[in-house]
Protein chains: 2
Amino acid sequence: MKSAAFLLIFLLAGTVLPAQEDSAMIRKIANEILQNGKAYDNLRVLTKQIGPRLAGSSGMVKAEAWGEKTMKASGAEKTWMQECMVPHWVRGGVDEAYADYTSTKAVRKKLDIVALGNSAGTGAKGLKAQVIEVTSFDDLEQKKAQVKGKIVFYNYKFNPTFVNTFEAYSDANKYRGRGPSAASQHGAVGVIVRSMSHSTDNNPHTGGTRYDSAYPVIPAVAIGLRDADELSEILKTKPATVFLKTNGHFLPDTIGHNVIGELTGSKYPDEIITIGGHLDSWDNCEGAHDDGAGCVQTMEVLRSFVAIGYKPQRTIRFVLFANEENGTRGGQKYAAEAKLKNEKHIFALESDEGGFTPRGFNMTGTDEQYQKMLNWKPLLAHYGTGEIARGGGGADIGPLNRTFKTPLAGLFPDSQRYFDIHHSRNDVFENVNKRELELGAVNMAALIYLIDKYGL
Amino acid sequence: MKSAAFLLIFLLAGTVLPAQEDSAMIRKIANEILQNGKAYDNLRVLTKQIGPRLAGSSGMVKAEAWGEKTMKASGAEKTWMQECMVPHWVRGGVDEAYADYTSTKAVRKKLDIVALGNSAGTGAKGLKAQVIEVTSFDDLEQKKAQVKGKIVFYNYKFNPTFVNTFEAYSDANKYRGRGPSAASQHGAVGVIVRSMSHSTDNNPHTGGTRYDSAYPVIPAVAIGLRDADELSEILKTKPATVFLKTNGHFLPDTIGHNVIGELTGSKYPDEIITIGGHLDSWDNCEGAHDDGAGCVQTMEVLRSFVAIGYKPQRTIRFVLFANEENGTRGGQKYAAEAKLKNEKHIFALESDEGGFTPRGFNMTGTDEQYQKMLNWKPLLAHYGTGEIARGGGGADIGPLNRTFKTPLAGLFPDSQRYFDIHHSRNDVFENVNKRELELGAVNMAALIYLIDKYGL
């Protein structure tokens with residue numbers, strides 16, 4: 001009975017399996033990338049010669065020039081810079097913090113913190129106040145009467161029981177996003193958030209916060225995990241004051257660019273497929289995984305197609321998006337201009353979950369489109385992306401879906417290491433593995449090839 | 001039509017899906033390991049306080065004592081040391097090498113090498129000879145007339161087009177195993193092998209070689225990839241001599257031990273399930289991935305069962321095997337004693353492919369046993385091991401299969417990073433990720449739980 005069932009499954013599956021020539025073409029693309037890949041060397045240049053590149057910074061300007069040059073070198077038929085206004089938040093100096101408390105004697109402990117992106121600074125004199133720990137928004141609600149004049153310390157732990165760490169991130173990052181205003185609402189004067197990470201080190205992790213204009217804007221920082229645990233331990237038995245000094249502020253919006261390369265379709269030039277990553281990074285790191293990886297993988301797909309002489313039927317746009325981290329203005333601009341020009345966007349793929357070993361694609365689209373992608377699983381699984389799940393895509397391509405209902409996919413790499421380094425000073429080139437980065441590009445190229453050939 | 005087919009597949013699969021309670025129990029095990037895991041801390045002690053532990057070394061003795069202590073602390077009902085004689089190869093000193101050649105002037109270049117395990121030393125004065133490069137055994141055959149009195153340099157590249165790096169390893173490691181005697185057969189006086197790695201650094205990778213007693217025993221070393229490329233580049237235009245000094249030799253066989261812990265089965269105490277890794281490592285590294293990871297994962301499975309109060313129906317043996325790297329005497333002894341005692345070994349699982357993020361299990365057994373494991377895929381896939389492939393197990397449990405036809409499985413972690421560090425000085429604790437290590441243990445525990453409950 002069991003054997004008969006399996007036979008039946010194979011027979012049924014066989015009716016929708018793609019052709020042998022697709023398998024051969026994907027092998028050819030993979031060999032090109034795994035033997036002659038340039039993604040890793042390109043990433044070295046971006047991270048080591050340019051480095052941090054937050055929207056509005058001089059790094060952004062250098063990265064855009066590098067992007068266009070590298071796009072051309074990778075074989076784009078056309079390249080252009082798509083202008084967009086981007087926010088210009090600056091850290092404005094070195095973030096400083098220490099905690100004071102009395103044990104058997106007075107103790108002052110330096111804290112490793114990083115101001116949250118978009119956050120307001122404390123002013124030159126800094127801010128000193130008693131600290132109150134809360135473990136959740138519910139806990140804040142319970143303690144709201146004690147919050148006035150204090151620094152609220154959100155010590156919500158990244159939940160280790162989620163196997164996919166992006167679920168732990170979704171669960172925890174509300175404290176970084178809404179936490180400052182939620183505390184300010186009750187009269188807090190500052191906020192410290194426990195970093196959203198499973199890391200075993202003490203590096204603090206930044207990321208954008210969003211103030212609610214109904215409440216006073218207060219300074220907000222993230223703290224490393226060891227310091228968070230120690231501070232929490234202290235607060236169990238004694239009061240502590242914390243001194244914070246941060247200097248974050250906004251300058252006027254400035255001009256940034258999406259960097260775009262194109263291969264024009266030979267058969268359906270009006271049908272556009274977009275593939276991309278974002279060029280900006282936080283200012284406290286090299287942005288190697290987030291999202292230098294996605295940028296160099298995008299250009300590697302381009303390079304591999306050109307190197308093996310593959311001529312796409314549809315137009316493929318390779319995009320390094322501006323300002324994902326604190327505004328997503330690049331992605332919004334890309335969709336807005338597409339709408340203005342009445343373009344036909346049939347598919348978009350983003351890589352923005354790190355340059356780790358590929359495991360699958362997350363997909364937003366109709367049931368029929370999803371089934372079509374599932375049918376390609378036998379072709380993709382060998383290269384790593386055997387898990388094709390519903391939902392997701394990427395922050396920069398999201399506007400295309402909202403504008404045109406364009407189906408989206410996001411490369412889904414193994415998630416275990418990502419939040420160890422995400423938005424922290426150790427998001428550096430040395431933490432990227434050459435093969436893992438290349439295999440991501442292989443799987444992206446394979447999917448784009450299939451979409452180009454069959455549509456979606 | 002397509003929907004009907006999918007429905008049918010789900011209905012058919014549904015008839016063999018395991019019960020809801022298994023899913024709940026595996027979740028409970030996973031939560032215990034991911035929230036309260038000790039594998040990472042245990043690995044820190046093994047690697048940082050004990051370090052290298054090649055068979056016969058003082059590190060081996062310390063590691064065995066640590067192993068028994070940790071096995072008890074993890075909750076074993078019984079523990080014992082199973083004695084076996086192990087080979088005792090020693091490096092005997094610092095490996096040295098340099099190349100001499102004439103460019104516009106005489107150049108001497110230091111080479112980063114490591115003597116192969118089990119290899120004979122050059123003697124105190126070292127060995128100097130002209131070097132001849134070959135790219136394969138076929139190439140050696142072509143050049144055999146030129147080999148006499150020279151050092152043969154096997155510059156066979158680790159093939160990047162294999163997605164699974166273990167395939168590249170199987171493809172390349174014959175040069176390390178058979179290369180020295182194949183060269184000696186034609187009168188070579190020494191051998192240099194290109195390290196079996198995709199790494200981007202220059203660390204040389206050791207590993208065991210095997211001399212054919214028909215030919216003279218000659219010194220043999222591995223060389224880092226950058227040095228290999230540079231030496232090859234030099235040899236394209238000019239002759240070079242290489243000086244080698246190595247001191248490897250065997251001391252008399254000595255006493256080692258398999259460290260064993262047990263939970264006795266409540267219902268079928270005579271049916272034995274074995275789970276293990278190997279305690280020995282090469283002498284040039286901490287053996288963090290190879291195979292400290294497998295050892296601490298094995299004890300973590302034990303600890304998690306005891307912590308949640310799971311009482312196995314069958315007897316489970318947790319084994320830290322001796323001497324996998326240069327003799328597999330531990331695994332042989334374990335099976336031999338099992339045969340002597342007429343034990344019933346129903347299943348064995350090994351983790352010896354690194355502490356990286358889990359992807360699947362490799363399985364050796366009958367078709368029926370394989371199908372049974374496939375049926376558990378829905379339970380395992382969520383935790384990472386969705387890929388269940390035929391063939392494999394582990395070097396230490398192989399003798400059980402050969403003795404009793406015991407079905408075997410090997411944990412199959414993502415393979416991309418393994419050969420970057422395998423047998424080289426950077427196989428250290430810092431290159432192990434806590435979550436990845438723990439998830440390996442989660443999947444091992446889940447499989448052992450299922451085997452214990454249902455047999456195989």
# chains A, B, ... in the order shown; residues from 1 in each chain; ligands from 1
$ interface_residues --of "chain B" --to "chain A" --cutoff "8 Å" --atoms "only C-alpha atoms" --output "list in words"
Ala5, Ile9, Leu12, Ala30, Asn31, Leu34, Gln35, Pro160, Thr161, Val163, His198, Thr200, Thr357, His382, Tyr383, Asp414, Gln416, Arg417, Asn433, Lys434, Arg435 and Glu436 of chain B
$ write_last_selection --atoms "N, CA, C and O atoms" --output "PDB file, in the first residue's frame"
ATOM      1  N   ALA B   5      -4.487  16.565  -7.204  1.00  0.00           N
ATOM      2  CA  ALA B   5      -3.271  15.781  -6.977  1.00  0.00           C
ATOM      3  C   ALA B   5      -2.687  16.097  -5.598  1.00  0.00           C
ATOM      4  O   ALA B   5      -2.336  15.202  -4.832  1.00  0.00           O
ATOM      5  N   ILE B   9      -2.128  13.664  -2.345  1.00  0.00           N
ATOM      6  CA  ILE B   9      -0.830  13.485  -1.681  1.00  0.00           C
ATOM      7  C   ILE B   9      -0.990  13.670  -0.167  1.00  0.00           C
ATOM      8  O   ILE B   9      -0.514  12.875   0.620  1.00  0.00           O
ATOM      9  N   LEU B  12      -2.905  10.741   1.384  1.00  0.00           N
ATOM     10  CA  LEU B  12      -2.082   9.538   1.475  1.00  0.00           C
ATOM     11  C   LEU B  12      -1.041   9.687   2.572  1.00  0.00           C
ATOM     12  O   LEU B  12      -0.835   8.805   3.394  1.00  0.00           O
ATOM     13  N   ALA B  30      12.777  20.413  22.633  1.00  0.00           N
ATOM     14  CA  ALA B  30      13.418  21.558  21.967  1.00  0.00           C
ATOM     15  C   ALA B  30      13.473  22.760  22.898  1.00  0.00           C
ATOM     16  O   ALA B  30      14.510  23.435  23.006  1.00  0.00           O
ATOM     17  N   ASN B  31      12.381  23.040  23.570  1.00  0.00           N
ATOM     18  CA  ASN B  31      12.369  24.181  24.484  1.00  0.00           C
ATOM     19  C   ASN B  31      13.400  24.012  25.595  1.00  0.00           C
ATOM     20  O   ASN B  31      14.092  24.965  25.965  1.00  0.00           O
ATOM     21  N   LEU B  34      16.819  24.670  23.933  1.00  0.00           N
ATOM     22  CA  LEU B  34      17.021  26.054  23.460  1.00  0.00           C
ATOM     23  C   LEU B  34      16.980  27.066  24.614  1.00  0.00           C
ATOM     24  O   LEU B  34      17.546  28.148  24.507  1.00  0.00           O
ATOM     25  N   GLN B  35      16.320  26.714  25.701  1.00  0.00           N
ATOM     26  CA  GLN B  35      16.251  27.649  26.830  1.00  0.00           C
ATOM     27  C   GLN B  35      17.308  27.378  27.893  1.00  0.00           C
ATOM     28  O   GLN B  35      17.833  28.308  28.486  1.00  0.00           O
ATOM     29  N   PRO B 160      34.667  23.312  -6.388  1.00  0.00           N
ATOM     30  CA  PRO B 160      33.619  24.179  -5.848  1.00  0.00           C
ATOM     31  C   PRO B 160      32.238  23.909  -6.424  1.00  0.00           C
ATOM     32  O   PRO B 160      31.251  24.446  -5.915  1.00  0.00           O
ATOM     33  N   THR B 161      32.137  23.092  -7.459  1.00  0.00           N
ATOM     34  CA  THR B 161      30.818  22.903  -8.082  1.00  0.00           C
ATOM     35  C   THR B 161      29.955  21.875  -7.341  1.00  0.00           C
ATOM     36  O   THR B 161      28.761  21.795  -7.585  1.00  0.00           O
ATOM     37  N   VAL B 163      27.724  21.130  -4.475  1.00  0.00           N
ATOM     38  CA  VAL B 163      27.019  21.960  -3.493  1.00  0.00           C
ATOM     39  C   VAL B 163      27.307  21.452  -2.083  1.00  0.00           C
ATOM     40  O   VAL B 163      27.609  22.230  -1.179  1.00  0.00           O
ATOM     41  N   HIS B 198      37.808  24.841   0.951  1.00  0.00           N
ATOM     42  CA  HIS B 198      37.412  26.014   0.155  1.00  0.00           C
ATOM     43  C   HIS B 198      37.819  27.298   0.859  1.00  0.00           C
ATOM     44  O   HIS B 198      37.369  28.373   0.472  1.00  0.00           O
ATOM     45  N   THR B 200      39.279  30.745   2.535  1.00  0.00           N
ATOM     46  CA  THR B 200      39.885  31.929   1.929  1.00  0.00           C
ATOM     47  C   THR B 200      41.162  32.304   2.669  1.00  0.00           C
ATOM     48  O   THR B 200      41.788  33.306   2.349  1.00  0.00           O
ATOM     49  N   THR B 357      24.367  24.497  11.507  1.00  0.00           N
ATOM     50  CA  THR B 357      22.901  24.440  11.499  1.00  0.00           C
ATOM     51  C   THR B 357      22.429  23.140  10.853  1.00  0.00           C
ATOM     52  O   THR B 357      22.889  22.759   9.779  1.00  0.00           O
ATOM     53  N   HIS B 382      10.538  21.068  10.895  1.00  0.00           N
ATOM     54  CA  HIS B 382      10.398  22.355  11.575  1.00  0.00           C
ATOM     55  C   HIS B 382      11.676  22.740  12.325  1.00  0.00           C
ATOM     56  O   HIS B 382      12.002  23.919  12.450  1.00  0.00           O
ATOM     57  N   TYR B 383      12.403  21.747  12.814  1.00  0.00           N
ATOM     58  CA  TYR B 383      13.624  22.013  13.590  1.00  0.00           C
ATOM     59  C   TYR B 383      14.880  22.006  12.723  1.00  0.00           C
ATOM     60  O   TYR B 383      15.979  22.203  13.234  1.00  0.00           O
ATOM     61  N   ASP B 414      24.503  21.817   7.780  1.00  0.00           N
ATOM     62  CA  ASP B 414      24.910  22.544   6.582  1.00  0.00           C
ATOM     63  C   ASP B 414      26.422  22.385   6.422  1.00  0.00           C
ATOM     64  O   ASP B 414      27.178  22.545   7.379  1.00  0.00           O
ATOM     65  N   GLN B 416      28.640  24.024   4.289  1.00  0.00           N
ATOM     66  CA  GLN B 416      29.450  25.049   3.610  1.00  0.00           C
ATOM     67  C   GLN B 416      30.706  25.473   4.373  1.00  0.00           C
ATOM     68  O   GLN B 416      31.749  25.715   3.785  1.00  0.00           O
ATOM     69  N   ARG B 417      30.616  25.590   5.689  1.00  0.00           N
ATOM     70  CA  ARG B 417      31.765  26.099   6.451  1.00  0.00           C
ATOM     71  C   ARG B 417      32.705  25.008   6.971  1.00  0.00           C
ATOM     72  O   ARG B 417      33.787  25.315   7.463  1.00  0.00           O
ATOM     73  N   ASN B 433      28.668  28.279  16.589  1.00  0.00           N
ATOM     74  CA  ASN B 433      27.554  29.144  16.955  1.00  0.00           C
ATOM     75  C   ASN B 433      26.648  28.411  17.947  1.00  0.00           C
ATOM     76  O   ASN B 433      26.251  27.276  17.702  1.00  0.00           O
ATOM     77  N   LYS B 434      26.320  29.082  19.022  1.00  0.00           N
ATOM     78  CA  LYS B 434      25.559  28.445  20.109  1.00  0.00           C
ATOM     79  C   LYS B 434      24.225  27.862  19.621  1.00  0.00           C
ATOM     80  O   LYS B 434      23.907  26.705  19.880  1.00  0.00           O
ATOM     81  N   ARG B 435      23.467  28.654  18.912  1.00  0.00           N
ATOM     82  CA  ARG B 435      22.148  28.195  18.451  1.00  0.00           C
ATOM     83  C   ARG B 435      22.260  27.029  17.480  1.00  0.00           C
ATOM     84  O   ARG B 435      21.466  26.101  17.503  1.00  0.00           O
ATOM     85  N   GLU B 436      23.219  27.114  16.574  1.00  0.00           N
ATOM     86  CA  GLU B 436      23.373  26.038  15.587  1.00  0.00           C
ATOM     87  C   GLU B 436      23.719  24.724  16.287  1.00  0.00           C
ATOM     88  O   GLU B 436      23.172  23.662  15.962  1.00  0.00           O
TER      89      GLU B 436
END
$ residues_around --residues "region 308-319 of chain B" --least-positions-apart "4" --cutoff "7 Å" --atoms "only C-alpha atoms" --output "list in words"
Asn258, Val259, Ile260, Gly261, Glu262, Leu263, Thr264, Gly265, Ser266, Lys267, Tyr268, Pro269, Asp270, Glu271, Ile272, Ile273, Thr274, Ile275, Gly276, Gly277, Thr298, Met299, Ser304, Asp452 and Lys453 of chain B
$ write_last_selection --atoms "N, CA and C atoms" --output "PDB file, in the first residue's frame"
ATOM      1  N   ASN B 258      36.510   4.480  25.307  1.00  0.00           N
ATOM      2  CA  ASN B 258      35.212   5.054  24.971  1.00  0.00           C
ATOM      3  C   ASN B 258      34.565   5.432  26.299  1.00  0.00           C
ATOM      4  N   VAL B 259      34.007   6.635  26.361  1.00  0.00           N
ATOM      5  CA  VAL B 259      33.309   7.072  27.573  1.00  0.00           C
ATOM      6  C   VAL B 259      31.818   6.848  27.335  1.00  0.00           C
ATOM      7  N   ILE B 260      31.194   6.060  28.183  1.00  0.00           N
ATOM      8  CA  ILE B 260      29.804   5.635  27.942  1.00  0.00           C
ATOM      9  C   ILE B 260      28.887   6.006  29.101  1.00  0.00           C
ATOM     10  N   GLY B 261      27.742   6.555  28.767  1.00  0.00           N
ATOM     11  CA  GLY B 261      26.689   6.805  29.751  1.00  0.00           C
ATOM     12  C   GLY B 261      25.438   6.055  29.309  1.00  0.00           C
ATOM     13  N   GLU B 262      24.555   5.728  30.224  1.00  0.00           N
ATOM     14  CA  GLU B 262      23.382   4.940  29.835  1.00  0.00           C
ATOM     15  C   GLU B 262      22.126   5.368  30.588  1.00  0.00           C
ATOM     16  N   LEU B 263      21.013   5.321  29.877  1.00  0.00           N
ATOM     17  CA  LEU B 263      19.682   5.342  30.488  1.00  0.00           C
ATOM     18  C   LEU B 263      19.083   3.974  30.159  1.00  0.00           C
ATOM     19  N   THR B 264      18.730   3.217  31.158  1.00  0.00           N
ATOM     20  CA  THR B 264      18.236   1.858  30.918  1.00  0.00           C
ATOM     21  C   THR B 264      16.763   1.890  30.524  1.00  0.00           C
ATOM     22  N   GLY B 265      16.418   1.117  29.518  1.00  0.00           N
ATOM     23  CA  GLY B 265      15.046   1.099  29.007  1.00  0.00           C
ATOM     24  C   GLY B 265      14.050   0.555  30.019  1.00  0.00           C
ATOM     25  N   SER B 266      12.894   1.188  30.085  1.00  0.00           N
ATOM     26  CA  SER B 266      11.872   0.767  31.054  1.00  0.00           C
ATOM     27  C   SER B 266      11.082  -0.439  30.550  1.00  0.00           C
ATOM     28  N   LYS B 267      11.004  -0.611  29.238  1.00  0.00           N
ATOM     29  CA  LYS B 267      10.135  -1.640  28.677  1.00  0.00           C
ATOM     30  C   LYS B 267      10.936  -2.700  27.914  1.00  0.00           C
ATOM     31  N   TYR B 268      11.900  -2.230  27.121  1.00  0.00           N
ATOM     32  CA  TYR B 268      12.733  -3.146  26.336  1.00  0.00           C
ATOM     33  C   TYR B 268      14.202  -2.889  26.668  1.00  0.00           C
ATOM     34  N   PRO B 269      14.630  -3.201  27.879  1.00  0.00           N
ATOM     35  CA  PRO B 269      16.001  -2.849  28.274  1.00  0.00           C
ATOM     36  C   PRO B 269      17.069  -3.517  27.402  1.00  0.00           C
ATOM     37  N   ASP B 270      16.726  -4.610  26.748  1.00  0.00           N
ATOM     38  CA  ASP B 270      17.726  -5.305  25.929  1.00  0.00           C
ATOM     39  C   ASP B 270      17.915  -4.689  24.549  1.00  0.00           C
ATOM     40  N   GLU B 271      17.007  -3.817  24.152  1.00  0.00           N
ATOM     41  CA  GLU B 271      17.151  -3.183  22.829  1.00  0.00           C
ATOM     42  C   GLU B 271      17.939  -1.884  23.012  1.00  0.00           C
ATOM     43  N   ILE B 272      19.091  -1.849  22.372  1.00  0.00           N
ATOM     44  CA  ILE B 272      20.014  -0.731  22.621  1.00  0.00           C
ATOM     45  C   ILE B 272      20.051   0.250  21.456  1.00  0.00           C
ATOM     46  N   ILE B 273      19.904   1.508  21.812  1.00  0.00           N
ATOM     47  CA  ILE B 273      20.060   2.621  20.863  1.00  0.00           C
ATOM     48  C   ILE B 273      21.345   3.336  21.251  1.00  0.00           C
ATOM     49  N   THR B 274      22.210   3.574  20.268  1.00  0.00           N
ATOM     50  CA  THR B 274      23.479   4.263  20.550  1.00  0.00           C
ATOM     51  C   THR B 274      23.465   5.647  19.924  1.00  0.00           C
ATOM     52  N   ILE B 275      23.945   6.618  20.665  1.00  0.00           N
ATOM     53  CA  ILE B 275      24.112   7.958  20.107  1.00  0.00           C
ATOM     54  C   ILE B 275      25.481   8.461  20.532  1.00  0.00           C
ATOM     55  N   GLY B 276      26.218   9.042  19.577  1.00  0.00           N
ATOM     56  CA  GLY B 276      27.571   9.444  19.946  1.00  0.00           C
ATOM     57  C   GLY B 276      28.264  10.394  18.989  1.00  0.00           C
ATOM     58  N   GLY B 277      29.442  10.787  19.451  1.00  0.00           N
ATOM     59  CA  GLY B 277      30.396  11.556  18.654  1.00  0.00           C
ATOM     60  C   GLY B 277      31.768  11.059  19.074  1.00  0.00           C
ATOM     61  N   THR B 298      25.653  14.986  22.075  1.00  0.00           N
ATOM     62  CA  THR B 298      25.262  13.676  22.605  1.00  0.00           C
ATOM     63  C   THR B 298      24.857  13.793  24.075  1.00  0.00           C
ATOM     64  N   MET B 299      25.672  14.494  24.848  1.00  0.00           N
ATOM     65  CA  MET B 299      25.364  14.623  26.277  1.00  0.00           C
ATOM     66  C   MET B 299      24.188  15.568  26.512  1.00  0.00           C
ATOM     67  N   SER B 304      18.720  16.638  28.289  1.00  0.00           N
ATOM     68  CA  SER B 304      17.353  17.107  28.029  1.00  0.00           C
ATOM     69  C   SER B 304      16.325  16.034  28.397  1.00  0.00           C
ATOM     70  N   ASP B 452      13.081   5.521  19.954  1.00  0.00           N
ATOM     71  CA  ASP B 452      12.810   4.869  21.243  1.00  0.00           C
ATOM     72  C   ASP B 452      11.347   4.467  21.335  1.00  0.00           C
ATOM     73  N   LYS B 453      10.484   5.333  20.846  1.00  0.00           N
ATOM     74  CA  LYS B 453       9.047   5.065  20.972  1.00  0.00           C
ATOM     75  C   LYS B 453       8.553   4.014  19.977  1.00  0.00           C
TER      76      LYS B 453
END
$ residues_around --residues "Gly410 (chain B)" --least-positions-apart "3" --cutoff "7 Å" --atoms "only C-alpha atoms" --output "JSON, numbers by chain"
{"B": [349, 350, 351, 361, 362, 363, 392, 393, 394]}
$ atom_distance --atom1 "CA of Tyr169 (chain B)" --atom2 "CA of Asn323 (chain B)"
20.4 Å
$ closest_residue --among "B:Asp427, B:Asp280, B:Glu324, B:Asp367" --to "Lys62 (chain B)" --atoms "only C-alpha atoms"
B:Asp280
$ select_by_dssp --residues "region 12-253 of chain B" --states "helix (DSSP H, G or I)" --output "PyMOL selection string"
chain B and resi 12-14+20-36+39-50+58-73+137-142+144-146+165-172+174-177+179-184+225-237
$ select_by_dssp --residues "region 220-327 of chain A" --states "strand (DSSP E)" --output "PyMOL selection string"
chain A and resi 220-223+240-245+249-263+268-278+314-321
$ residues_around --residues "Glu430 (chain B)" --least-positions-apart "6" --cutoff "10 Å" --atoms "only C-alpha atoms" --output "JSON, numbers by chain"
{"B": [44, 47, 288]}
$ residues_around --residues "Val152 (chain A)" --least-positions-apart "6" --cutoff "7 Å" --atoms "only C-alpha atoms" --output "list in words"
Val131, Ile132, Glu133, Ala183, Ala188, Gly190, Val191 and Ile192 of chain A
$ closest_residue --among "B:Leu54, B:Ile113, B:Ala322, B:Leu279" --to "Val90 (chain B)" --atoms "only C-alpha atoms"
B:Leu54
$ closest_residue --among "B:Gly398, B:Gly126, B:Gly59, B:Pro378" --to "Thr364 (chain B)" --atoms "only C-alpha atoms"
B:Gly398
$ residues_around --residues "Ala228 (chain B)" --least-positions-apart "6" --cutoff "9 Å" --atoms "only C-alpha atoms" --output "ChimeraX atom specification"
/B:111,153,155,193-195,202
$ residues_around --residues "Ala293 (chain A)" --least-positions-apart "4" --cutoff "7 Å" --atoms "only C-alpha atoms" --output "list of chain:residue names"
A:Leu43, A:Ala288, A:His289, A:Gln297, A:Gly354, A:Gly355, A:Leu437
$ write_last_selection --atoms "N, CA, C and O atoms" --output "mmCIF file, in the first residue's frame"
data_model
loop_
_atom_site.group_PDB
_atom_site.id
_atom_site.type_symbol
_atom_site.label_atom_id
_atom_site.label_comp_id
_atom_site.auth_asym_id
_atom_site.auth_seq_id
_atom_site.Cartn_x
_atom_site.Cartn_y
_atom_site.Cartn_z
ATOM 1 N N LEU A 43 32.113 42.375 -2.292
ATOM 2 C CA LEU A 43 31.702 42.700 -0.922
ATOM 3 C C LEU A 43 32.881 43.215 -0.108
ATOM 4 O O LEU A 43 32.726 44.113 0.725
ATOM 5 N N ALA A 288 27.826 44.266 6.175
ATOM 6 C CA ALA A 288 28.263 43.175 5.290
ATOM 7 C C ALA A 288 27.102 42.239 4.980
ATOM 8 O O ALA A 288 26.792 41.987 3.817
ATOM 9 N N HIS A 289 26.446 41.759 6.038
ATOM 10 C CA HIS A 289 25.259 40.913 5.819
ATOM 11 C C HIS A 289 24.051 41.785 5.495
ATOM 12 O O HIS A 289 23.192 41.364 4.721
ATOM 13 N N GLN A 297 25.101 39.970 -4.319
ATOM 14 C CA GLN A 297 24.409 38.815 -4.916
ATOM 15 C C GLN A 297 23.600 39.253 -6.134
ATOM 16 O O GLN A 297 23.582 38.571 -7.166
ATOM 17 N N GLY A 354 20.541 38.491 5.022
ATOM 18 C CA GLY A 354 21.906 38.055 5.284
ATOM 19 C C GLY A 354 22.460 37.145 4.216
ATOM 20 O O GLY A 354 21.719 36.498 3.479
ATOM 21 N N GLY A 355 23.788 37.098 4.157
ATOM 22 C CA GLY A 355 24.466 36.295 3.136
ATOM 23 C C GLY A 355 24.771 34.889 3.625
ATOM 24 O O GLY A 355 25.807 34.333 3.281
ATOM 25 N N LEU A 437 27.579 32.963 0.617
ATOM 26 C CA LEU A 437 27.195 34.137 -0.159
ATOM 27 C C LEU A 437 26.925 33.751 -1.616
ATOM 28 O O LEU A 437 25.909 34.141 -2.214
#
